[in-house]
$ cat target25.txt   # compact mmCIF, C-alpha atoms and all ligand atoms
# COMPACT_ATOMS: atom_id res chain seq x y z
CA MET A 15 2.47 -19.88 -19.92
CA GLU A 16 -0.97 -20.23 -21.43
CA GLN A 17 -0.30 -23.80 -22.55
CA THR A 18 1.32 -24.74 -19.23
CA ALA A 19 -1.62 -23.31 -17.28
CA LYS A 20 -4.01 -25.32 -19.48
CA ASP A 21 -1.99 -28.53 -19.09
CA LYS A 22 -1.65 -28.11 -15.33
CA LYS A 23 -5.25 -26.89 -14.93
CA SER A 24 -3.93 -24.09 -12.75
CA ASN A 25 -3.21 -20.40 -13.14
CA ILE A 26 -1.41 -20.18 -9.79
CA ILE A 27 2.22 -19.10 -9.71
CA LEU A 28 4.12 -20.01 -6.57
CA ALA A 29 6.34 -17.21 -5.23
CA LEU A 30 9.03 -19.34 -3.61
CA ASP A 31 9.78 -16.79 -0.89
CA PHE A 32 10.92 -17.44 2.67
CA LEU A 33 11.82 -15.30 5.63
CA PHE A 34 15.47 -14.48 6.39
CA GLU A 35 17.67 -17.38 7.44
CA LYS A 36 21.23 -17.04 8.74
CA PRO A 37 23.72 -17.71 5.90
CA GLU A 38 24.96 -20.84 7.71
CA ASN A 39 21.42 -22.28 7.27
CA ARG A 40 21.53 -22.10 3.48
CA GLU A 41 21.32 -25.86 3.02
CA LYS A 42 18.26 -26.00 5.24
CA LEU A 43 16.72 -23.22 3.16
CA PHE A 44 17.42 -25.10 -0.09
CA SER A 45 15.82 -28.27 1.33
CA LYS A 46 12.77 -26.34 2.48
CA ALA A 47 12.36 -24.73 -0.96
CA GLU A 48 12.77 -28.11 -2.67
CA ARG A 49 10.27 -29.78 -0.31
CA ILE A 50 7.63 -27.10 -0.89
CA LEU A 51 8.14 -27.11 -4.65
CA ASN A 52 7.68 -30.90 -4.70
CA ALA A 53 4.55 -30.70 -2.54
CA VAL A 54 2.89 -27.81 -4.37
CA GLU A 55 3.85 -28.73 -7.95
CA PRO A 56 0.50 -30.43 -8.87
CA TYR A 57 -1.41 -27.21 -8.13
CA ILE A 58 0.68 -24.54 -9.89
CA CYS A 59 1.70 -23.60 -13.43
CA ALA A 60 4.90 -21.71 -12.64
CA VAL A 61 7.35 -20.81 -9.93
CA LYS A 62 8.59 -17.28 -9.34
CA PHE A 63 11.96 -16.68 -7.72
CA ASN A 64 12.93 -13.48 -5.99
CA ARG A 65 16.08 -12.34 -4.20
CA HIS A 66 14.79 -14.23 -1.15
CA LEU A 67 16.49 -17.28 -2.72
CA VAL A 68 18.92 -15.84 -5.25
CA LEU A 69 20.88 -14.04 -2.51
CA PRO A 70 21.36 -16.97 -0.12
CA LEU A 71 21.43 -19.86 -2.65
CA GLY A 72 23.13 -18.24 -5.66
CA THR A 73 21.79 -17.97 -9.21
CA PHE A 74 23.96 -20.75 -10.66
CA ASN A 75 23.91 -22.95 -7.58
CA GLY A 76 20.76 -23.58 -5.57
CA VAL A 77 18.43 -21.51 -7.72
CA ALA A 78 19.56 -23.09 -11.01
CA LYS A 79 18.97 -26.52 -9.42
CA LEU A 80 15.45 -25.55 -8.33
CA ASN A 81 14.90 -24.08 -11.77
CA GLU A 82 15.85 -27.38 -13.40
CA LYS A 83 13.50 -29.24 -11.07
CA ALA A 84 10.68 -26.85 -11.93
CA HIS A 85 11.25 -27.42 -15.64
CA ALA A 86 11.37 -31.20 -15.15
CA MET A 87 7.93 -30.87 -13.50
CA GLY A 88 6.64 -28.99 -16.56
CA LEU A 89 6.54 -25.63 -14.78
CA MET A 90 7.67 -22.26 -16.13
CA ALA A 91 10.26 -20.33 -14.09
CA ILE A 92 10.14 -16.56 -13.66
CA MET A 93 12.89 -14.41 -12.14
CA ASP A 94 11.35 -11.47 -10.32
CA CYS A 95 14.43 -9.23 -10.53
CA LYS A 96 12.53 -6.03 -11.44
CA VAL A 97 15.27 -4.88 -13.82
CA ASN A 98 15.67 -1.16 -13.18
CA ASP A 99 19.05 0.20 -14.33
CA ILE A 100 20.84 1.58 -17.40
CA GLY A 101 20.55 -0.53 -20.56
CA SER A 102 23.97 -2.15 -20.57
CA THR A 103 23.61 -3.23 -16.93
CA ASN A 104 20.06 -4.44 -17.60
CA GLN A 105 21.26 -6.47 -20.57
CA THR A 106 23.96 -8.23 -18.54
CA ILE A 107 21.53 -8.97 -15.70
CA ALA A 108 19.04 -10.44 -18.19
CA GLU A 109 21.74 -12.53 -19.90
CA TYR A 110 22.73 -14.08 -16.57
CA TYR A 111 19.18 -14.89 -15.54
CA TYR A 112 18.28 -16.35 -18.94
CA SER A 113 21.52 -18.38 -18.88
CA ALA A 114 20.41 -19.79 -15.52
CA GLY A 115 17.34 -21.13 -17.33
CA PHE A 116 14.66 -18.58 -16.49
CA ASP A 117 11.80 -18.39 -18.96
CA ALA A 118 10.94 -14.78 -18.11
CA LEU A 119 12.01 -11.93 -15.90
CA THR A 120 10.28 -8.87 -14.49
CA ALA A 121 11.33 -5.32 -15.38
CA ASN A 122 10.45 -1.81 -14.30
CA PRO A 123 9.19 0.49 -17.10
CA PHE A 124 10.20 3.61 -15.13
CA VAL A 125 13.65 3.40 -16.76
CA GLY A 126 12.18 3.85 -20.25
CA TRP A 127 13.12 2.35 -23.61
CA GLU A 128 16.31 3.71 -25.22
CA GLU A 129 19.29 2.65 -23.09
CA GLY A 130 16.73 1.37 -20.58
CA LEU A 131 14.68 -1.74 -21.28
CA LYS A 132 15.24 -2.04 -25.04
CA PRO A 133 18.42 -4.15 -24.57
CA VAL A 134 16.47 -6.49 -22.26
CA PHE A 135 13.67 -6.99 -24.80
CA ASP A 136 16.28 -7.52 -27.55
CA VAL A 137 18.02 -10.28 -25.58
CA ALA A 138 14.73 -11.82 -24.44
CA HIS A 139 13.26 -12.03 -27.88
CA LYS A 140 16.50 -13.32 -29.41
CA LEU A 141 16.47 -16.15 -26.84
CA GLN A 142 12.68 -16.54 -27.03
CA ARG A 143 12.19 -15.69 -23.38
CA GLY A 144 9.74 -13.32 -21.74
CA VAL A 145 9.70 -9.88 -20.17
CA ILE A 146 6.96 -9.01 -17.69
CA LEU A 147 6.53 -5.31 -16.90
CA LEU A 148 5.46 -3.83 -13.58
CA VAL A 149 2.41 -1.70 -14.27
CA TYR A 150 0.78 -1.21 -10.86
CA MET A 151 2.26 -2.82 -7.76
CA SER A 152 0.36 -4.32 -4.82
CA HIS A 153 1.66 -2.36 -1.82
CA LYS A 154 0.12 0.64 -0.04
CA ALA A 155 2.51 3.36 -1.28
CA VAL A 156 2.10 2.34 -4.92
CA TRP A 157 0.14 5.53 -5.67
CA GLU A 158 3.27 7.62 -4.98
CA GLY A 159 4.93 6.31 -8.15
CA TYR A 160 2.75 4.11 -10.35
CA GLY A 161 -0.38 6.10 -9.48
CA GLN A 162 0.96 9.57 -10.31
CA THR A 163 -0.67 11.80 -12.87
CA ILE A 164 1.91 12.60 -15.51
CA CYS A 165 1.90 15.44 -18.00
CA ASN A 166 3.29 15.26 -21.53
CA ALA A 167 5.75 18.19 -21.70
CA GLU A 168 4.99 18.84 -25.40
CA THR A 169 1.21 18.43 -25.63
CA GLY A 170 0.23 19.15 -22.01
CA GLU A 171 -1.88 15.97 -22.10
CA LYS A 172 -2.39 14.43 -18.67
CA THR A 173 -2.49 10.71 -18.03
CA LEU A 174 -1.98 8.24 -15.21
CA GLN A 175 1.45 6.67 -14.85
CA TYR A 176 0.13 3.08 -14.86
CA VAL A 177 -2.08 3.72 -17.90
CA SER A 178 0.99 5.01 -19.70
CA PHE A 179 2.91 1.86 -18.62
CA ALA A 180 0.10 -0.39 -19.88
CA LYS A 181 0.29 1.38 -23.27
CA LYS A 182 4.07 0.95 -23.25
CA ALA A 183 3.62 -2.77 -22.58
CA LEU A 184 1.65 -2.95 -25.85
CA LYS A 185 4.13 -0.79 -27.76
CA TRP A 186 7.16 -2.73 -26.48
CA ASN A 187 5.49 -6.10 -27.06
CA ALA A 188 5.79 -7.23 -23.43
CA ASP A 189 4.86 -10.81 -22.58
CA GLY A 190 2.96 -9.91 -19.42
CA VAL A 191 2.30 -7.15 -16.93
CA VAL A 192 2.09 -7.12 -13.14
CA VAL A 193 -0.91 -5.47 -11.47
CA GLY A 194 -1.52 -6.01 -7.73
CA ALA A 195 -4.49 -8.14 -6.69
CA THR A 196 -5.00 -5.59 -3.91
CA TYR A 197 -6.28 -3.14 -6.56
CA PRO A 198 -8.88 -4.98 -8.66
CA GLU A 199 -10.11 -1.68 -10.11
CA LYS A 200 -6.63 -1.11 -11.58
CA ILE A 201 -6.60 -4.66 -12.96
CA ARG A 202 -9.88 -3.87 -14.71
CA GLU A 203 -8.58 -0.60 -16.13
CA VAL A 204 -5.32 -2.14 -17.34
CA HIS A 205 -7.22 -5.12 -18.77
CA GLU A 206 -9.39 -2.69 -20.76
CA THR A 207 -6.24 -1.22 -22.31
CA LEU A 208 -4.53 -4.56 -22.98
CA GLY A 209 -7.50 -6.72 -23.93
CA LYS A 210 -6.41 -10.28 -24.61
CA LYS A 211 -3.08 -9.19 -26.08
CA ILE A 212 -1.07 -9.22 -22.84
CA PRO A 213 -1.87 -11.30 -19.73
CA ILE A 214 -1.99 -9.76 -16.27
CA TYR A 215 0.05 -11.40 -13.49
CA SER A 216 -1.38 -10.51 -10.12
CA PRO A 217 0.52 -10.76 -6.81
CA GLY A 218 -0.85 -9.78 -3.40
CA ILE A 219 -3.33 -12.61 -2.82
CA GLY A 220 -3.75 -13.59 0.85
CA ALA A 221 -0.83 -12.17 2.85
CA GLN A 222 -1.30 -8.68 1.35
CA GLY A 223 -5.10 -8.80 1.46
CA GLY A 224 -5.88 -9.37 -2.25
CA LYS A 225 -8.78 -11.66 -3.11
CA ILE A 226 -8.73 -14.45 -5.69
CA GLU A 227 -12.20 -13.82 -7.07
CA SER A 228 -12.00 -10.05 -7.44
CA ALA A 229 -8.58 -10.23 -9.15
CA LEU A 230 -9.75 -12.86 -11.64
CA LYS A 231 -13.12 -11.20 -12.31
CA ALA A 232 -11.30 -7.92 -13.01
CA GLY A 233 -9.18 -9.59 -15.68
CA ALA A 234 -6.08 -11.16 -14.09
CA SER A 235 -4.83 -14.23 -15.97
CA TYR A 236 -2.38 -15.55 -13.36
CA LEU A 237 -2.28 -15.24 -9.58
CA ILE A 238 1.08 -15.05 -7.81
CA VAL A 239 0.96 -16.44 -4.27
CA GLY A 240 3.89 -16.58 -1.86
CA ARG A 241 3.72 -16.55 1.94
CA THR A 242 0.15 -17.85 2.17
CA ILE A 243 1.54 -21.09 0.71
CA THR A 244 5.20 -21.11 1.76
CA LEU A 245 4.53 -20.26 5.42
CA SER A 246 1.44 -22.46 5.67
CA GLU A 247 1.32 -25.51 7.95
CA ASN A 248 0.32 -27.55 4.92
CA PRO A 249 1.56 -25.87 1.72
CA ALA A 250 0.11 -28.55 -0.61
CA GLU A 251 -3.37 -28.31 0.87
CA THR A 252 -3.28 -24.50 0.84
CA ALA A 253 -2.10 -24.42 -2.78
CA LYS A 254 -4.79 -26.92 -3.77
CA ASN A 255 -7.50 -24.81 -2.10
CA ILE A 256 -6.28 -21.65 -3.84
CA ARG A 257 -6.15 -23.48 -7.17
CA ASP A 258 -9.67 -24.87 -6.67
CA VAL A 259 -11.15 -21.49 -5.75
CA ALA A 260 -9.42 -19.91 -8.75
CA ASN A 261 -10.74 -22.62 -11.09
CA GLU A 262 -14.27 -22.12 -9.76
CA CYS A 263 -14.05 -18.41 -10.63
CA LYS A 264 -13.31 -19.09 -14.31
P1 LIG B 301 3.25 -12.79 -1.05
O1 LIG B 301 2.12 -13.64 -1.66
O2 LIG B 301 3.99 -13.51 0.01
O3 LIG B 301 2.80 -11.43 -0.65
O4 LIG B 301 4.36 -12.62 -2.21
C1 LIG B 301 4.16 -11.87 -3.37
C2 LIG B 301 5.39 -11.92 -4.24
O5 LIG B 301 5.17 -11.08 -5.37
C3 LIG B 301 6.67 -11.40 -3.58
O6 LIG B 301 7.78 -12.09 -4.16
C4 LIG B 301 6.71 -9.94 -3.98
O7 LIG B 301 8.02 -9.42 -4.01
C5 LIG B 301 6.11 -10.00 -5.39
N1 LIG B 301 5.41 -8.76 -5.83
C6 LIG B 301 4.37 -8.23 -5.09
O8 LIG B 301 4.00 -8.75 -4.03
N2 LIG B 301 3.76 -7.10 -5.55
C7 LIG B 301 4.09 -6.49 -6.69
O9 LIG B 301 3.49 -5.48 -7.03
C8 LIG B 301 5.13 -7.03 -7.46
C9 LIG B 301 5.78 -8.19 -7.01
O10 LIG B 301 6.73 -8.72 -7.74
$ encode --input "target25.txt" --output "structure tokens"
Amino acid sequence: MEQTAKDKKSNIILALDFLFEKPENREKLFSKAERILNAVEPYICAVKFNRHLVLPLGTFNGVAKLNEKAHAMGLMAIMDCKVNDIGSTNQTIAEYYYSAGFDALTANPFVGWEEGLKPVFDVAHKLQRGVILLVYMSHKAVWEGYGQTICNAETGEKTLQYVSFAKKALKWNADGVVVGATYPEKIREVHETLGKKIPIYSPGIGAQGGKIESALKAGASYLIVGRTITLSENPAETAKNIRDVANECK
């Protein structure tokens, strides 16, 4: 990612998300995704897929084709599947996504290590792919889960859930963490724990109210932007503006 961002002179990741389309409009949806990827490609370093496209287009059909296109453009491809199940299920999910060509996937540390995310990290590192852990999400209710104060049952020591997840990211050798751009103070705190060892991927710019400058100044390495670009009248111009503002903040 670091090299790609340097080569492309951009730390913007396009979230290729669209609003619901009737299943009979799947071809139209594929064409729209392809058109936006082509237009925005000069201004981004990676493309992030979510179930917005995997569900209607299929992992090994439309999404694999878009994935191939992204790679041919020199972009990285991330599957935002937020793996969140028992280990054997997680492993199979990861194997499918990596087989479809994804360079990295997202996973939820709430499920823990043994028979949780360990099998995902094992597969990822065997295939030399990445795992990006959710540490603090971007939405309003995030405090209910990621923001809880947790108590170690043995020592009685209290800590914040997301601080514990940031420490787990280090322990598990994660390739990145997600912290919402809507909470720059959390980005700063997580960045203090991770230092330069693990980059912070920050979604929530624009549509969710997060700001480019505050996220980057707090320590985010990559900005994930979806609807502000994909629903824009002129996606290329919007992506270019975001890229330029981000580059000025460096
Ligand atoms: P948008 O810029 O349209 O808000 O899209 C953000 C993207 O990042 C969406 O795909 C969303 O599911 C994802 N995301 C997020 O917004 N916040 C998080 O904490 C984690 C995410 O993966």
$ residues_near_ligand --input "target25.txt" --ligand "ligand LIG 301 (chain B)" --cutoff "8 Å" --atoms "all atoms listed in the file" --output "ChimeraX atom specification"
/A:29-31,62-64,66,94,96,120,148,150-153,192-194,216-222,238-244
$ residues_near_point --input "target25.txt" --point "(2.5, -25.5, -12.7)" --cutoff "9 Å" --atoms "only C-alpha atoms" --output "list in words"
Thr18, Ala19, Asp21, Lys22, Lys23, Ser24, Asn25, Ile26, Ile27, Leu28, Val54, Glu55, Pro56, Tyr57, Ile58, Cys59, Ala60, Val61, Ala84, Met87, Gly88, Leu89 and Met90 of chain A
$ residues_around --input "target25.txt" --residues "Ala232 in chain A" --least-positions-apart "6" --cutoff "10 Å" --atoms "all atoms listed in the file" --output "number ranges by chain"
A: 195, 197-206
$ closest_residue --input "target25.txt" --among "A:Ala188, A:Arg257, A:Trp157, A:Phe74" --to "Lys211 in chain A" --atoms "all atoms listed in the file"
A:Ala188
$ atom_distance --input "target25.txt" --atom1 "CA of Asp117 in chain A" --atom2 "CA of Arg143 in chain A"
5.2 Å
$ atom_distance --input "target25.txt" --atom1 "CA of Gln105 in chain A" --atom2 "CA of Val134 in chain A"
5.1 Å
$ residues_around --input "target25.txt" --residues "range 260-264 of chain A" --least-positions-apart "3" --cutoff "7 Å" --atoms "all atoms listed in the file" --output "PyMOL selection string"
chain A and resi 226-227+256-257
$ closest_residue --input "target25.txt" --among "A:Leu71, A:Val145, A:Asn81, A:Leu174" --to "Ile212 in chain A" --atoms "only C-alpha atoms"
A:Val145
$ atom_distance --input "target25.txt" --atom1 "CA of Leu67 in chain A" --atom2 "CA of Ala47 in chain A"
8.7 Å
$ closest_residue --input "target25.txt" --among "A:His85, A:Lys36, A:Lys20, A:Lys225" --to "Ala114 in chain A" --atoms "all atoms listed in the file"
A:His85
$ residues_around --input "target25.txt" --residues "Gly130 in chain A" --least-positions-apart "4" --cutoff "7 Å" --atoms "only C-alpha atoms" --output "count of residues only"
5
$ build_atoms --input "target25.txt" --residues "range 155-176 of chain A" --atoms "N, CA, C and O atoms" --output "PDB file, in the coordinates of the input"
ATOM      1  N   ALA A 155       1.962   2.094  -0.761  1.00  0.00           N
ATOM      2  CA  ALA A 155       2.510   3.360  -1.280  1.00  0.00           C
ATOM      3  C   ALA A 155       2.575   3.392  -2.808  1.00  0.00           C
ATOM      4  O   ALA A 155       3.135   4.337  -3.373  1.00  0.00           O
ATOM      5  N   VAL A 156       1.982   2.425  -3.460  1.00  0.00           N
ATOM      6  CA  VAL A 156       2.100   2.340  -4.920  1.00  0.00           C
ATOM      7  C   VAL A 156       1.659   3.622  -5.623  1.00  0.00           C
ATOM      8  O   VAL A 156       2.222   4.012  -6.654  1.00  0.00           O
ATOM      9  N   TRP A 157       0.672   4.304  -5.041  1.00  0.00           N
ATOM     10  CA  TRP A 157       0.140   5.530  -5.670  1.00  0.00           C
ATOM     11  C   TRP A 157       1.215   6.617  -5.812  1.00  0.00           C
ATOM     12  O   TRP A 157       1.147   7.453  -6.702  1.00  0.00           O
ATOM     13  N   GLU A 158       2.250   6.568  -4.941  1.00  0.00           N
ATOM     14  CA  GLU A 158       3.270   7.620  -4.980  1.00  0.00           C
ATOM     15  C   GLU A 158       4.071   7.596  -6.288  1.00  0.00           C
ATOM     16  O   GLU A 158       4.610   8.611  -6.704  1.00  0.00           O
ATOM     17  N   GLY A 159       4.194   6.416  -6.884  1.00  0.00           N
ATOM     18  CA  GLY A 159       4.930   6.310  -8.150  1.00  0.00           C
ATOM     19  C   GLY A 159       4.014   5.909  -9.296  1.00  0.00           C
ATOM     20  O   GLY A 159       3.686   6.713 -10.165  1.00  0.00           O
ATOM     21  N   TYR A 160       3.551   4.660  -9.244  1.00  0.00           N
ATOM     22  CA  TYR A 160       2.750   4.110 -10.350  1.00  0.00           C
ATOM     23  C   TYR A 160       1.398   4.808 -10.505  1.00  0.00           C
ATOM     24  O   TYR A 160       0.792   4.760 -11.558  1.00  0.00           O
ATOM     25  N   GLY A 161       0.938   5.466  -9.425  1.00  0.00           N
ATOM     26  CA  GLY A 161      -0.380   6.100  -9.480  1.00  0.00           C
ATOM     27  C   GLY A 161      -0.330   7.598  -9.776  1.00  0.00           C
ATOM     28  O   GLY A 161      -1.365   8.255  -9.775  1.00  0.00           O
ATOM     29  N   GLN A 162       0.851   8.134 -10.048  1.00  0.00           N
ATOM     30  CA  GLN A 162       0.960   9.570 -10.310  1.00  0.00           C
ATOM     31  C   GLN A 162       0.248   9.977 -11.591  1.00  0.00           C
ATOM     32  O   GLN A 162       0.169   9.190 -12.534  1.00  0.00           O
ATOM     33  N   THR A 163      -0.193  11.232 -11.605  1.00  0.00           N
ATOM     34  CA  THR A 163      -0.670  11.800 -12.870  1.00  0.00           C
ATOM     35  C   THR A 163       0.538  12.428 -13.552  1.00  0.00           C
ATOM     36  O   THR A 163       1.265  13.208 -12.928  1.00  0.00           O
ATOM     37  N   ILE A 164       0.752  12.046 -14.800  1.00  0.00           N
ATOM     38  CA  ILE A 164       1.910  12.600 -15.510  1.00  0.00           C
ATOM     39  C   ILE A 164       1.436  13.517 -16.639  1.00  0.00           C
ATOM     40  O   ILE A 164       0.330  13.378 -17.143  1.00  0.00           O
ATOM     41  N   CYS A 165       2.288  14.429 -17.017  1.00  0.00           N
ATOM     42  CA  CYS A 165       1.900  15.440 -18.000  1.00  0.00           C
ATOM     43  C   CYS A 165       2.902  15.420 -19.148  1.00  0.00           C
ATOM     44  O   CYS A 165       4.112  15.534 -18.927  1.00  0.00           O
ATOM     45  N   ASN A 166       2.415  15.243 -20.367  1.00  0.00           N
ATOM     46  CA  ASN A 166       3.290  15.260 -21.530  1.00  0.00           C
ATOM     47  C   ASN A 166       3.818  16.690 -21.724  1.00  0.00           C
ATOM     48  O   ASN A 166       3.033  17.629 -21.901  1.00  0.00           O
ATOM     49  N   ALA A 167       5.137  16.857 -21.672  1.00  0.00           N
ATOM     50  CA  ALA A 167       5.750  18.190 -21.700  1.00  0.00           C
ATOM     51  C   ALA A 167       5.424  18.931 -23.003  1.00  0.00           C
ATOM     52  O   ALA A 167       5.333  20.160 -23.016  1.00  0.00           O
ATOM     53  N   GLU A 168       5.245  18.183 -24.111  1.00  0.00           N
ATOM     54  CA  GLU A 168       4.990  18.840 -25.400  1.00  0.00           C
ATOM     55  C   GLU A 168       3.520  19.183 -25.601  1.00  0.00           C
ATOM     56  O   GLU A 168       3.175  20.298 -25.997  1.00  0.00           O
ATOM     57  N   THR A 169       2.637  18.213 -25.307  1.00  0.00           N
ATOM     58  CA  THR A 169       1.210  18.430 -25.630  1.00  0.00           C
ATOM     59  C   THR A 169       0.415  18.915 -24.419  1.00  0.00           C
ATOM     60  O   THR A 169      -0.707  19.405 -24.569  1.00  0.00           O
ATOM     61  N   GLY A 170       0.965  18.765 -23.224  1.00  0.00           N
ATOM     62  CA  GLY A 170       0.230  19.150 -22.010  1.00  0.00           C
ATOM     63  C   GLY A 170      -0.794  18.097 -21.608  1.00  0.00           C
ATOM     64  O   GLY A 170      -1.492  18.256 -20.608  1.00  0.00           O
ATOM     65  N   GLU A 171      -0.886  17.015 -22.385  1.00  0.00           N
ATOM     66  CA  GLU A 171      -1.880  15.970 -22.100  1.00  0.00           C
ATOM     67  C   GLU A 171      -1.556  15.255 -20.791  1.00  0.00           C
ATOM     68  O   GLU A 171      -0.402  14.890 -20.543  1.00  0.00           O
ATOM     69  N   LYS A 172      -2.603  15.093 -19.962  1.00  0.00           N
ATOM     70  CA  LYS A 172      -2.390  14.430 -18.670  1.00  0.00           C
ATOM     71  C   LYS A 172      -2.850  12.985 -18.741  1.00  0.00           C
ATOM     72  O   LYS A 172      -3.863  12.678 -19.371  1.00  0.00           O
ATOM     73  N   THR A 173      -2.092  12.119 -18.077  1.00  0.00           N
ATOM     74  CA  THR A 173      -2.490  10.710 -18.030  1.00  0.00           C
ATOM     75  C   THR A 173      -1.953  10.093 -16.733  1.00  0.00           C
ATOM     76  O   THR A 173      -1.110  10.694 -16.064  1.00  0.00           O
ATOM     77  N   LEU A 174      -2.459   8.911 -16.411  1.00  0.00           N
ATOM     78  CA  LEU A 174      -1.980   8.240 -15.210  1.00  0.00           C
ATOM     79  C   LEU A 174      -0.743   7.406 -15.550  1.00  0.00           C
ATOM     80  O   LEU A 174      -0.667   6.803 -16.633  1.00  0.00           O
ATOM     81  N   GLN A 175       0.189   7.392 -14.619  1.00  0.00           N
ATOM     82  CA  GLN A 175       1.450   6.670 -14.850  1.00  0.00           C
ATOM     83  C   GLN A 175       1.202   5.217 -15.269  1.00  0.00           C
ATOM     84  O   GLN A 175       1.789   4.726 -16.226  1.00  0.00           O
ATOM     85  N   TYR A 176       0.317   4.509 -14.544  1.00  0.00           N
ATOM     86  CA  TYR A 176       0.130   3.080 -14.860  1.00  0.00           C
ATOM     87  C   TYR A 176      -0.583   2.871 -16.186  1.00  0.00           C
ATOM     88  O   TYR A 176      -0.331   1.868 -16.864  1.00  0.00           O
TER      89      TYR A 176
END
